[in-house]
Amino acid sequence: MTNVRVRIPPSPTGLLHIGTVRTALYNFLFAKHEGGTMVFRMEDTDKERSKKEYEEDIINGLVKLGIAGDEGVHIPGSKGFRQSERIEVYTKNLQKLLDENKAYYCFCTKERLDNMREKQREAKLPPRYDGCCKNLSTDEAKKRVEAGEKAVIRLRIPENEDISFKDLVRGETCINCKELDDFVIARAIDNPLYHLTVVVDDHDMGITHVIRGEDHISNTPKQILIFRALGYEVPHFAHLPLILNEDKSKLSKRKNKVSVDDYLAEGYLPEALLNFLALLGWNTPDEQEIFSMDELIEKFTLDRVHKGGAIFDIKKLDWVNGEYIKRAIAENIDEFFETVKPFIKNIPTDDESLIKNILKDPDFEGRFSKLSEVSEVLEPLFSPIPDYPTSLLALDKFQITPAMLKDKVLPKAKEVLSGIDWERGESSKSKVISDGLVAIVGELGLKNGQVLWPIRVALSGLEKSPNFATLAVYLGKEECLKRLDIALEKCK
RNA sequence: GGGGCCAUCGUCUAGUGGUUAGGACUCGGGAUUUUCAUUCCCGCAACAGGGGUUCGAUUCCCCUUGGCCCUACCA
């Protein structure tokens with residue numbers, strides 16, 4: 001395969017969408033695997049809906065994720081590539097089609113067309129353009145346009161011809177021109193529409209493979225027709241399965257969170273998000289689930305891309321993300337700390353190394369599936385203890401009564417924690433605390449859960465929290481005793 | 001309405017003309033953790049239906065059903 005070149009053409013009509021990222025990722029992986037390049041272009045010919053802020057969001061997002069394109073080429077803002085900046089090129093191509101009579105001006109009004117379609121629908125006919133302006137002489141058309149009459153440009157398509165292409169993930173696909181009509185390719189000579197711009201750009205940019213969502217399958221024959229009319233070589237096509245909502249409709253913001261910003265803000269790691277997205281519609285025959293970017297590039301091929309759509313399952317994303325967090329902590333705590341820093345709120349300490357130590361504590365392993373949860377788990381160690389019900393302390397499951405806690409367990413725990421040497425090193429301190437508290441179980445003749453559970457709750461105020469020994473070590477003597485007193489109050 | 005695309009556990013998926021149809025997530029149970037979480041083990045759970053082809057179809061073909069996409073002077 002010679003010089004593979006793919007593209008990622010978002011249109012700035014909304015924030016960076018999960019679907020856009022998945023398509024970008026597959027293009028990126030394919031290009032890298034083949035030793036080719038991926039270029040970026042901003043499809044902003046819809047002046048009504050295109051917004052500068054969306055453009056920035058999309059570019060920033062893709063850069064953050066590391067899949068923005070190669071060599072900085074054609075990224076608007078760096079070297080600049082927007083369709084809105086290439087109007088003359090499209091005009092030139094449009095003029096050529098007009099001159100060669102492969103396209104023609106159409107003067108039909110919106111009302112006439114709406115009317116026509118409605119009648120066709122009523123008659124149970126497919127709504128198609130009736131060719132009203134098809135046979136206007138070029139001279140007359142030219143005169144009317146020059147006179148200022150409003151006219152769109154339509155492509156003249158063959159009457160009855162099969163248009164087929166070999167889709168790299170679906171195989172041979174074919175559609176007859178009878179199913180199409182002379183569609184509009186420009187609002188005016190200097191105001192081109194999607195199909196025309198895509199074709200002209202893909203040709204000018206030297207795109208060899210068009211890899212996009214399957215919602216474009218039915219657009220493909222139209223674009224092939226334009227490629228042919230212009231005398232340009234037709235690229236290869238590959239249509240990807242869609243990402244779906246739970247109800248199997250196309251992923252939409254009505255039913256799902258689709259903005260990449262939201263996921264990042266919630267504490268999903270970019271690599272984890274990409275890993276998860278890569279697996280939505282593609283996989284390796286082995287049982288691997290976690291891939292580095294290099295592994296994805298090495299293993300990615302289009303022939304292992306699925307045909308059926310895939311539902312976006314947030315639970316699986318959470319799991320993947322948790323795996324990445326676990327690894328990130330183990331590999332480089334300093335780097336991880338920088339990543340997690342913006343998520344740590346309400347934690348009034350400037351002692352970074354303390355927090356790093358806590359994060360590294362084996363007791364914390366696997367507690368987070370999102371960065372936003374780091375704060376929740378850390379919080380009990382630094383903030384004032386949250387209010388909690390006595391019933392959480394005296395849990396029915398363990399058959400604990402408030403009286404037991406008030407008379408036996410809590411006073412005993414205070415005794416133990418007051419008695420130990422708090423100046424020891426961390427790990428030995430942890431062991432002493434642990435041994436001391438566990439000993440209470442035997443002394444009082446109670447069950448483990450009847451002693452250890454309430455102590456942990458007393459120290460954290462939470463149903464789920466780090467281990468009691470871990471809590472005690474990081475809380476310190478005074479705070480521990482204070483929290484045990486609070487618990488004591490609750491049992492009165 | 002027309003055309004196109006698709007169809008393995010709830011979800012992501014592996015897989016084959018003959019398999020106990022495999023893995024992961026979720027969920028349930030157990031073990032370890034002297035509590036929660038983690039970790040480990042076990043379990044629940046699928047080839048949409050009907051016809052062919054075949055000695056034999058989840059696998060190949062057709063039909064049906066279902067879902068989705070497109071059917072714009074959006075992209």
# chains A, B, ... in the order shown; residues from 1 in each chain; ligands from 1
>>> residues_around(residues="range 128-141 of chain A", least_positions_apart="2", cutoff="6 Å", atoms="only C-alpha atoms (C1' of nucleotides)", output="mmCIF file with N, CA and C atoms, in the first residue's frame")
data_model
loop_
_atom_site.group_PDB
_atom_site.id
_atom_site.type_symbol
_atom_site.label_atom_id
_atom_site.label_comp_id
_atom_site.auth_asym_id
_atom_site.auth_seq_id
_atom_site.Cartn_x
_atom_site.Cartn_y
_atom_site.Cartn_z
ATOM 1 N N CYS A 106 -30.293 25.183 -10.857
ATOM 2 C CA CYS A 106 -31.696 24.868 -10.607
ATOM 3 C C CYS A 106 -32.350 26.072 -9.945
ATOM 4 N N LYS A 143 -27.791 33.489 -18.093
ATOM 5 C CA LYS A 143 -28.412 34.815 -18.123
ATOM 6 C C LYS A 143 -29.199 35.081 -16.849
ATOM 7 N N ARG A 144 -29.997 34.094 -16.456
ATOM 8 C CA ARG A 144 -30.830 34.280 -15.264
ATOM 9 C C ARG A 144 -29.983 34.458 -14.007
ATOM 10 N N ASP A 181 -31.267 11.078 -6.747
ATOM 11 C CA ASP A 181 -31.744 12.086 -7.685
ATOM 12 C C ASP A 181 -30.626 13.095 -7.923
#
>>> closest_atom_pairs(of="chain B", to="chain A", cutoff="6 Å", atoms="only C-alpha atoms (C1' of nucleotides)", output="JSON lines")
{"residue": "B:G1", "atom": "C1'", "partner": "A:Lys124", "partner_atom": "CA", "distance": 5.0}
{"residue": "B:G2", "atom": "C1'", "partner": "A:Pro126", "partner_atom": "CA", "distance": 5.3}
{"residue": "B:C6", "atom": "C1'", "partner": "A:Gly308", "partner_atom": "CA", "distance": 5.3}
{"residue": "B:G23", "atom": "C1'", "partner": "A:Glu287", "partner_atom": "CA", "distance": 5.8}
{"residue": "B:C25", "atom": "C1'", "partner": "A:Lys316", "partner_atom": "CA", "distance": 4.9}
{"residue": "B:U34", "atom": "C1'", "partner": "A:Asn448", "partner_atom": "CA", "distance": 5.8}
{"residue": "B:U35", "atom": "C1'", "partner": "A:Trp453", "partner_atom": "CA", "distance": 4.1}
{"residue": "B:C36", "atom": "C1'", "partner": "A:Lys464", "partner_atom": "CA", "distance": 4.6}
{"residue": "B:U38", "atom": "C1'", "partner": "A:Gly366", "partner_atom": "CA", "distance": 5.4}
{"residue": "B:C69", "atom": "C1'", "partner": "A:Asp215", "partner_atom": "CA", "distance": 5.1}
{"residue": "B:C70", "atom": "C1'", "partner": "A:Ser218", "partner_atom": "CA", "distance": 5.6}
{"residue": "B:C73", "atom": "C1'", "partner": "A:Arg187", "partner_atom": "CA", "distance": 5.2}
>>> write_last_selection(atoms="C-alpha atoms (C1' of nucleotides)", output="compact mmCIF listing (two decimals), in the first residue's frame")
# COMPACT_ATOMS: atom_id res chain seq x y z
C1' G B 1 -43.11 4.85 1.72
C1' G B 2 -38.15 3.77 -0.76
C1' C B 6 -26.69 -5.09 10.58
C1' G B 23 -13.13 -14.36 27.50
C1' C B 25 -17.82 -5.95 32.17
C1' U B 34 -9.45 -10.42 62.08
C1' U B 35 -14.58 -4.55 59.19
C1' C B 36 -15.76 -2.00 53.95
C1' U B 38 -9.21 -4.59 46.97
C1' C B 69 -28.81 4.61 9.02
C1' C B 70 -29.91 7.55 4.79
C1' C B 73 -30.28 24.60 -0.26
>>> residues_around(residues="range 54-58 of chain A", least_positions_apart="2", cutoff="7 Å", atoms="only C-alpha atoms (C1' of nucleotides)", output="list in words")
Pro12, Thr13, Gly14, Leu15, Leu16, Lys51, Lys52, Asn60, Gly61 and Leu62 of chain A
>>> write_last_selection(atoms="N, CA and C atoms", output="mmCIF file, in the first residue's frame")
data_model
loop_
_atom_site.group_PDB
_atom_site.id
_atom_site.type_symbol
_atom_site.label_atom_id
_atom_site.label_comp_id
_atom_site.auth_asym_id
_atom_site.auth_seq_id
_atom_site.Cartn_x
_atom_site.Cartn_y
_atom_site.Cartn_z
ATOM 1 N N PRO A 12 -17.624 21.827 13.180
ATOM 2 C CA PRO A 12 -17.693 22.537 14.454
ATOM 3 C C PRO A 12 -19.105 22.946 14.821
ATOM 4 N N THR A 13 -19.980 21.958 14.953
ATOM 5 C CA THR A 13 -21.368 22.268 15.266
ATOM 6 C C THR A 13 -21.739 21.777 16.655
ATOM 7 N N GLY A 14 -20.737 21.371 17.423
ATOM 8 C CA GLY A 14 -20.992 20.917 18.777
ATOM 9 C C GLY A 14 -19.667 20.610 19.434
ATOM 10 N N LEU A 15 -19.700 20.348 20.737
ATOM 11 C CA LEU A 15 -18.474 19.997 21.448
ATOM 12 C C LEU A 15 -17.942 18.659 20.954
ATOM 13 N N LEU A 16 -16.660 18.435 21.178
ATOM 14 C CA LEU A 16 -16.040 17.182 20.725
ATOM 15 C C LEU A 16 -16.833 15.980 21.224
ATOM 16 N N LYS A 51 -19.496 27.087 14.882
ATOM 17 C CA LYS A 51 -19.120 28.069 15.900
ATOM 18 C C LYS A 51 -17.643 27.944 16.237
ATOM 19 N N LYS A 52 -17.049 29.101 16.399
ATOM 20 C CA LYS A 52 -15.629 29.155 16.740
ATOM 21 C C LYS A 52 -15.310 28.373 18.023
ATOM 22 N N ASN A 60 -8.709 21.251 20.729
ATOM 23 C CA ASN A 60 -8.085 21.044 22.038
ATOM 24 C C ASN A 60 -8.271 19.627 22.536
ATOM 25 N N GLY A 61 -9.481 19.121 22.372
ATOM 26 C CA GLY A 61 -9.788 17.776 22.834
ATOM 27 C C GLY A 61 -8.947 16.735 22.131
ATOM 28 N N LEU A 62 -8.870 16.836 20.813
ATOM 29 C CA LEU A 62 -8.103 15.849 20.062
ATOM 30 C C LEU A 62 -6.615 15.943 20.388
#
>>> select_by_dssp(residues="range 122-330 of chain A", states="helix (DSSP H, G or I)", output="tab-separated table (two decimals) with C-alpha atoms, in the first residue's frame")
chain	number	residue	atom	x	y	z
A	122	GLU	CA	-48.76	11.16	-0.43
A	138	THR	CA	-26.89	26.76	-20.37
A	139	ASP	CA	-27.18	30.15	-21.98
A	140	GLU	CA	-30.53	30.82	-20.44
A	141	ALA	CA	-29.40	29.59	-17.04
A	142	LYS	CA	-26.34	31.77	-17.22
A	143	LYS	CA	-28.41	34.82	-18.12
A	144	ARG	CA	-30.83	34.28	-15.26
A	145	VAL	CA	-28.01	33.82	-12.76
A	146	GLU	CA	-26.27	36.93	-14.01
A	177	CYS	CA	-28.74	5.58	-9.51
A	178	LYS	CA	-32.50	5.16	-9.68
A	179	GLU	CA	-32.45	5.41	-5.90
A	194	TYR	CA	-20.90	18.97	2.01
A	195	HIS	CA	-20.68	16.32	-0.74
A	196	LEU	CA	-18.79	18.61	-3.08
A	197	THR	CA	-16.33	19.88	-0.50
A	198	VAL	CA	-15.58	16.42	0.82
A	199	VAL	CA	-14.74	15.11	-2.61
A	200	VAL	CA	-12.64	18.07	-3.65
A	201	ASP	CA	-10.74	18.04	-0.35
A	202	ASP	CA	-10.18	14.31	-0.26
A	203	HIS	CA	-8.70	14.60	-3.72
A	204	ASP	CA	-6.59	17.66	-3.02
A	214	GLU	CA	-21.65	3.80	8.72
A	215	ASP	CA	-24.15	6.61	8.63
A	216	HIS	CA	-22.17	7.67	5.57
A	217	ILE	CA	-22.68	4.50	3.58
A	218	SER	CA	-25.56	5.96	1.64
A	219	ASN	CA	-23.54	9.11	0.98
A	220	THR	CA	-20.77	7.15	-0.63
A	221	PRO	CA	-22.37	6.57	-4.05
A	222	LYS	CA	-23.16	10.27	-4.30
A	223	GLN	CA	-19.59	11.15	-3.59
A	224	ILE	CA	-18.31	8.56	-6.02
A	225	LEU	CA	-20.47	10.19	-8.66
A	226	ILE	CA	-18.79	13.52	-7.91
A	227	PHE	CA	-15.31	11.98	-7.97
A	228	ARG	CA	-16.12	10.60	-11.41
A	229	ALA	CA	-17.64	13.78	-12.73
A	230	LEU	CA	-14.55	15.66	-11.69
A	260	VAL	CA	-15.37	14.32	25.73
A	261	ASP	CA	-14.86	17.27	28.05
A	262	ASP	CA	-17.40	15.80	30.46
A	263	TYR	CA	-15.59	12.49	30.62
A	264	LEU	CA	-12.25	14.14	31.16
A	265	ALA	CA	-13.72	16.40	33.81
A	266	GLU	CA	-15.12	13.41	35.64
A	270	PRO	CA	-7.40	9.90	28.07
A	271	GLU	CA	-5.56	6.61	27.50
A	272	ALA	CA	-8.31	4.68	29.25
A	273	LEU	CA	-10.98	6.38	27.17
A	274	LEU	CA	-9.13	5.55	23.97
A	275	ASN	CA	-8.52	1.96	25.07
A	276	PHE	CA	-12.22	1.54	25.78
A	277	LEU	CA	-13.26	3.19	22.52
A	278	ALA	CA	-10.84	1.06	20.53
A	293	MET	CA	-1.19	2.91	22.28
A	294	ASP	CA	1.80	1.17	20.67
A	295	GLU	CA	0.08	-2.17	20.98
A	296	LEU	CA	-3.11	-0.80	19.45
A	297	ILE	CA	-1.14	0.57	16.51
A	298	GLU	CA	0.70	-2.67	16.05
A	299	LYS	CA	-2.41	-4.83	16.19
A	302	LEU	CA	-9.60	-2.98	9.40
A	303	ASP	CA	-10.48	-6.60	8.73
A	304	ARG	CA	-11.09	-7.07	12.44
A	314	ILE	CA	-20.18	3.12	31.00
A	315	LYS	CA	-19.63	0.30	33.50
A	316	LYS	CA	-17.00	-1.24	31.33
A	317	LEU	CA	-15.37	2.16	30.85
A	318	ASP	CA	-15.24	2.51	34.62
A	319	TRP	CA	-13.47	-0.79	34.89
A	320	VAL	CA	-10.94	0.06	32.19
A	321	ASN	CA	-10.32	3.41	33.81
A	322	GLY	CA	-9.81	1.77	37.19
A	323	GLU	CA	-7.20	-0.51	35.67
A	324	TYR	CA	-5.37	2.48	34.24
A	325	ILE	CA	-5.45	4.30	37.55
A	326	LYS	CA	-4.06	1.27	39.35
A	327	ARG	CA	-1.22	1.05	36.88
A	328	ALA	CA	-0.56	4.75	36.90
A	329	ILE	CA	-0.16	4.75	40.68
A	330	ALA	CA	2.14	1.77	40.59
>>> select_by_dssp(residues="range 121-337 of chain A", states="strand (DSSP E or B)", output="count of residues only")
41
>>> atom_distance(atom1="CA of Arg41 in chain A", atom2="CA of Ser164 in chain A")
26.8 Å
>>> closest_residue(among="A:Leu395, A:Lys47, A:Asp182, A:Gly425", to="Glu159 in chain A", atoms="only C-alpha atoms")
A:Asp182
>>> atom_distance(atom1="CA of Phe107 in chain A", atom2="CA of Glu85 in chain A")
26.9 Å
>>> atom_distance(atom1="CA of Ser383 in chain A", atom2="CA of Leu488 in chain A")
19.6 Å
>>> residues_around(residues="U65 in chain B", least_positions_apart="3", cutoff="12 Å", atoms="only C-alpha atoms (C1' of nucleotides)", output="PyMOL selection string")
chain B and resi 7+48-50
>>> write_last_selection(atoms="C-alpha atoms (C1' of nucleotides)", output="tab-separated table (two decimals), in the first residue's frame")
chain	number	residue	atom	x	y	z
B	7	A	C1'	-28.04	-9.52	13.94
B	48	A	C1'	-33.67	-13.90	16.68
B	49	G	C1'	-37.38	-17.28	13.87
B	50	G	C1'	-38.46	-20.36	9.53
>>> residues_around(residues="C9 in chain B", least_positions_apart="5", cutoff="10 Å", atoms="only C-alpha atoms (C1' of nucleotides)", output="PyMOL selection string")
chain B and resi 44-47
>>> residues_around(residues="Pro389 in chain A", least_positions_apart="6", cutoff="10 Å", atoms="only C-alpha atoms (C1' of nucleotides)", output="list of chain:residue names")
A:Gly461, A:Leu462, A:Ala487, A:Lys490
>>> residues_around(residues="A21 in chain B", least_positions_apart="2", cutoff="10 Å", atoms="only C-alpha atoms (C1' of nucleotides)", output="list in words")
U8, A14, G15, U16, U19, A46, C47 and U58 of chain B
